[in-house]
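Q: The structure follows.
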Amino acid sequence: MTDPAPEPAGTAGAPDPYVFFLSYARVPSTEDGAKAENPDEDLVAFHRQLCGHIMQLTDHDGERPPGFLDRRMGVGADWERRLKETLTDCQVFVPVYTKRYFTREWCGREWDAFVRRQEEHSRSRPYTGNAIVPVLWVDPRPLTLPRVARRVQYAHPDLGQEYLRSGLYGLRAKGYHAKYHTAVWGIAQTIVKVAEQTRLAPCDIELFKELRNVFEEEQ
């Protein structure tokens, strides 16, 4: 027996779907013990700020954050199903570009899932663009983008030239706080605009059987 298709967005009694799915590669900790610092704390702060901006820009019900951030501690069937369920009805896919991101198998599978959903949507409904909004986390110049990533525009001049040179993490590390906050606000606006333009329909989780790491495809 297959799983039923997700209920359409706006179904009575159901929380609003996630506006965006933040796809990223976790940074391993270099310290031992429970008191070790979280190496992804800057990304968690970015997610929190992005959610706050999107709450101001939309009428999201707030029953859950408007953006999904996976904070899993391990790999397992429940974790994998949770990610797939979220990918069936989130509205925008937001990959965080780092060198590590394109070497992680599951990041490539998340990308594959969202592309499959976009293709499924376009078979039967009007489609007005790509709902993938990349975020530069570090200087993009040393990054080797796989073919699927090269197809997606990431250089948005309205986010500032320093953002395009350094990425969000670079802006924070250099102390460019005003430029950092301006870029985060611009990313939030872009996510909302893309969500409103594309209006991706939910899909059945069965569409995500045997996901591939699309980053390993021919460069």
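In the structure tokens, chains take letters A, B, ... by order of appearance, with residues numbered from 1 within each chain and ligands from 1 in the order shown.
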When DSSP works through the backbone of this structure, what residues of range 9-195 of chain A end up as strand (DSSP E or B), shown as a PyMOL selection string?
A: chain A and resi 20-23+67-69+92-97+132+135-136
Q: Go ahead and write the residues just picked, all heavy atoms, as a compact mmCIF listing (two decimals), in the first residue's frame.
A:
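Saved result, selection-v2.txt, follows:
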```txt
# COMPACT_ATOMS: atom_id res chain seq x y z
N PHE A 20 10.40 27.37 2.90
CA PHE A 20 11.68 26.96 2.29
C PHE A 20 12.29 25.80 3.06
O PHE A 20 12.02 25.58 4.24
CB PHE A 20 12.66 28.13 2.22
CG PHE A 20 13.18 28.61 3.57
CD1 PHE A 20 14.38 28.14 4.08
CD2 PHE A 20 12.46 29.55 4.32
CE1 PHE A 20 14.85 28.59 5.30
CE2 PHE A 20 12.94 30.01 5.53
CZ PHE A 20 14.13 29.53 6.04
N PHE A 21 13.11 25.05 2.35
CA PHE A 21 13.87 23.92 2.88
C PHE A 21 15.34 24.30 2.78
O PHE A 21 15.86 24.48 1.68
CB PHE A 21 13.57 22.67 2.06
CG PHE A 21 14.28 21.42 2.51
CD1 PHE A 21 13.59 20.43 3.19
CD2 PHE A 21 15.62 21.21 2.22
CE1 PHE A 21 14.23 19.26 3.59
CE2 PHE A 21 16.27 20.05 2.62
CZ PHE A 21 15.57 19.07 3.31
N LEU A 22 16.01 24.44 3.92
CA LEU A 22 17.43 24.83 3.93
C LEU A 22 18.27 23.56 3.83
O LEU A 22 18.29 22.75 4.76
CB LEU A 22 17.75 25.61 5.20
CG LEU A 22 19.04 26.44 5.17
CD1 LEU A 22 18.93 27.57 4.15
CD2 LEU A 22 19.33 27.02 6.55
N SER A 23 18.94 23.39 2.72
CA SER A 23 19.77 22.21 2.47
C SER A 23 21.23 22.58 2.68
O SER A 23 21.74 23.49 2.01
CB SER A 23 19.54 21.71 1.04
OG SER A 23 20.36 20.61 0.73
N GLY A 67 10.69 28.04 7.72
CA GLY A 67 11.80 27.36 7.04
C GLY A 67 12.22 26.11 7.78
O GLY A 67 12.32 26.10 9.01
N PHE A 68 12.47 25.03 7.02
CA PHE A 68 12.89 23.76 7.62
C PHE A 68 14.41 23.72 7.70
O PHE A 68 15.12 23.97 6.72
CB PHE A 68 12.40 22.59 6.78
CG PHE A 68 12.85 21.24 7.29
CD1 PHE A 68 12.18 20.64 8.35
CD2 PHE A 68 13.94 20.60 6.73
CE1 PHE A 68 12.59 19.40 8.83
CE2 PHE A 68 14.36 19.36 7.20
CZ PHE A 68 13.69 18.76 8.26
N LEU A 69 14.93 23.37 8.88
CA LEU A 69 16.36 23.19 9.09
C LEU A 69 16.56 21.85 9.79
O LEU A 69 16.08 21.66 10.91
CB LEU A 69 16.95 24.32 9.95
CG LEU A 69 18.43 24.19 10.31
CD1 LEU A 69 19.30 24.33 9.07
CD2 LEU A 69 18.83 25.23 11.36
N VAL A 92 10.16 26.34 -1.61
CA VAL A 92 11.43 26.78 -2.20
C VAL A 92 12.56 25.94 -1.60
O VAL A 92 12.58 25.68 -0.40
CB VAL A 92 11.68 28.28 -1.94
CG1 VAL A 92 13.01 28.72 -2.55
CG2 VAL A 92 10.55 29.13 -2.50
N PHE A 93 13.50 25.54 -2.45
CA PHE A 93 14.67 24.77 -2.02
C PHE A 93 15.85 25.72 -1.94
O PHE A 93 16.18 26.40 -2.92
CB PHE A 93 14.94 23.65 -3.03
CG PHE A 93 16.06 22.71 -2.67
CD1 PHE A 93 15.89 21.76 -1.68
CD2 PHE A 93 17.27 22.77 -3.35
CE1 PHE A 93 16.91 20.87 -1.37
CE2 PHE A 93 18.30 21.89 -3.04
CZ PHE A 93 18.11 20.93 -2.04
N VAL A 94 16.49 25.80 -0.77
CA VAL A 94 17.57 26.77 -0.54
C VAL A 94 18.86 26.02 -0.18
O VAL A 94 19.12 25.72 0.98
CB VAL A 94 17.19 27.76 0.58
CG1 VAL A 94 18.30 28.80 0.78
CG2 VAL A 94 15.87 28.46 0.26
N PRO A 95 19.69 25.69 -1.19
CA PRO A 95 20.96 25.04 -0.90
C PRO A 95 22.01 26.05 -0.45
O PRO A 95 22.11 27.15 -1.02
CB PRO A 95 21.34 24.41 -2.25
CG PRO A 95 20.71 25.32 -3.26
CD PRO A 95 19.45 25.86 -2.62
N VAL A 96 22.77 25.70 0.57
CA VAL A 96 23.81 26.58 1.10
C VAL A 96 25.15 26.13 0.52
O VAL A 96 25.68 25.08 0.89
CB VAL A 96 23.82 26.54 2.64
CG1 VAL A 96 24.92 27.46 3.19
CG2 VAL A 96 22.47 26.95 3.20
N TYR A 97 25.70 26.94 -0.38
CA TYR A 97 26.90 26.56 -1.13
C TYR A 97 28.16 26.67 -0.28
O TYR A 97 28.57 27.77 0.13
CB TYR A 97 27.05 27.45 -2.35
CG TYR A 97 26.15 27.11 -3.52
CD1 TYR A 97 25.09 26.20 -3.40
CD2 TYR A 97 26.34 27.70 -4.76
CE1 TYR A 97 24.27 25.90 -4.46
CE2 TYR A 97 25.53 27.41 -5.85
CZ TYR A 97 24.50 26.51 -5.70
OH TYR A 97 23.69 26.22 -6.76
N ILE A 132 14.55 26.95 -6.94
CA ILE A 132 15.80 26.73 -6.21
C ILE A 132 16.49 28.07 -6.05
O ILE A 132 16.78 28.76 -7.03
CB ILE A 132 16.71 25.73 -6.95
CG1 ILE A 132 16.03 24.37 -7.08
CG2 ILE A 132 18.05 25.59 -6.22
CD1 ILE A 132 16.83 23.35 -7.87
N VAL A 135 22.23 29.93 -1.76
CA VAL A 135 22.84 30.92 -0.86
C VAL A 135 24.34 30.68 -0.84
O VAL A 135 24.80 29.56 -0.62
CB VAL A 135 22.27 30.78 0.57
CG1 VAL A 135 23.12 31.55 1.57
CG2 VAL A 135 20.83 31.25 0.63
N LEU A 136 25.11 31.73 -1.09
CA LEU A 136 26.56 31.64 -0.98
C LEU A 136 26.93 31.77 0.50
O LEU A 136 26.64 32.78 1.12
CB LEU A 136 27.23 32.75 -1.78
CG LEU A 136 27.04 32.72 -3.29
CD1 LEU A 136 27.74 33.92 -3.92
CD2 LEU A 136 27.57 31.44 -3.88
```
Q: If you count only C-alpha atoms, which residues fall within 6 Å of range 201-217 of chain A, apart from same-chain ones fewer than 4 positions away, as a count of residues only?
A: 8
Q: Which is closest to Thr198 in chain A among A:Ile54, A:Leu164, A:Ala131, A:Leu143, if we use only C-alpha atoms?
A: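 Ranking A:Ile54, A:Leu164, A:Ala131, A:Leu143 by distance to Thr198 in chain A, first place goes to A:Ala131.
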Q: Using only C-alpha atoms, pick whichever of A:Ser122, A:Gln197, A:Gln161, A:Gln91 has the shortest atom-to-atom distance to Tyr180 in chain A.
A: A:Gln161
Q: Just the number, please: distance in Å from CA of Arg71 in chain A to CA of Val27 in chain A, one decimal.
A: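 One can read the CA of Arg71 in chain A to CA of Val27 in chain A distance as 11.7 Å.
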Q: Assign secondary structure with DSSP using the backbone only, and return the residues of chain A in helix (DSSP H, G or I) as a PyMOL selection string.
A: chain A and resi 41-57+77-89+101-103+105-124+147-150+157-159+161-173+177-198+205-208+214-216
Q: Applying 8 Å and only C-alpha atoms, which residues near Leu50 in chain A remain after dropping the ones on its own chain fewer than 2 positions away? List them as a list in words.
A: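 That gives Phe46, His47, Arg48, Gly52, His53, Ile54, Gly67, Val184, Trp185, Ile187 and Ala188 of chain A.
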Q: Please report the interatomic distance between CA of Ala183 in chain A and CA of Glu110 in chain A in Å with one decimal.
A: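 Result for CA of Ala183 in chain A versus CA of Glu110 in chain A: 24.6 Å, one decimal.
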Q: Measuring atom to atom with only C-alpha atoms, identify which of A:Phe102, A:Tyr163, A:Trp137, A:Tyr154 is nearest to Leu43 in chain A.
A: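 Smallest distance to Leu43 in chain A is found for A:Trp137.
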Q: Could you tell me how far CA of Arg172 in chain A lies from CA of Trp106 in chain A, in Å and to one decimal?
A: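 Computed distance, CA of Arg172 in chain A to CA of Trp106 in chain A, equals 27.2 Å.
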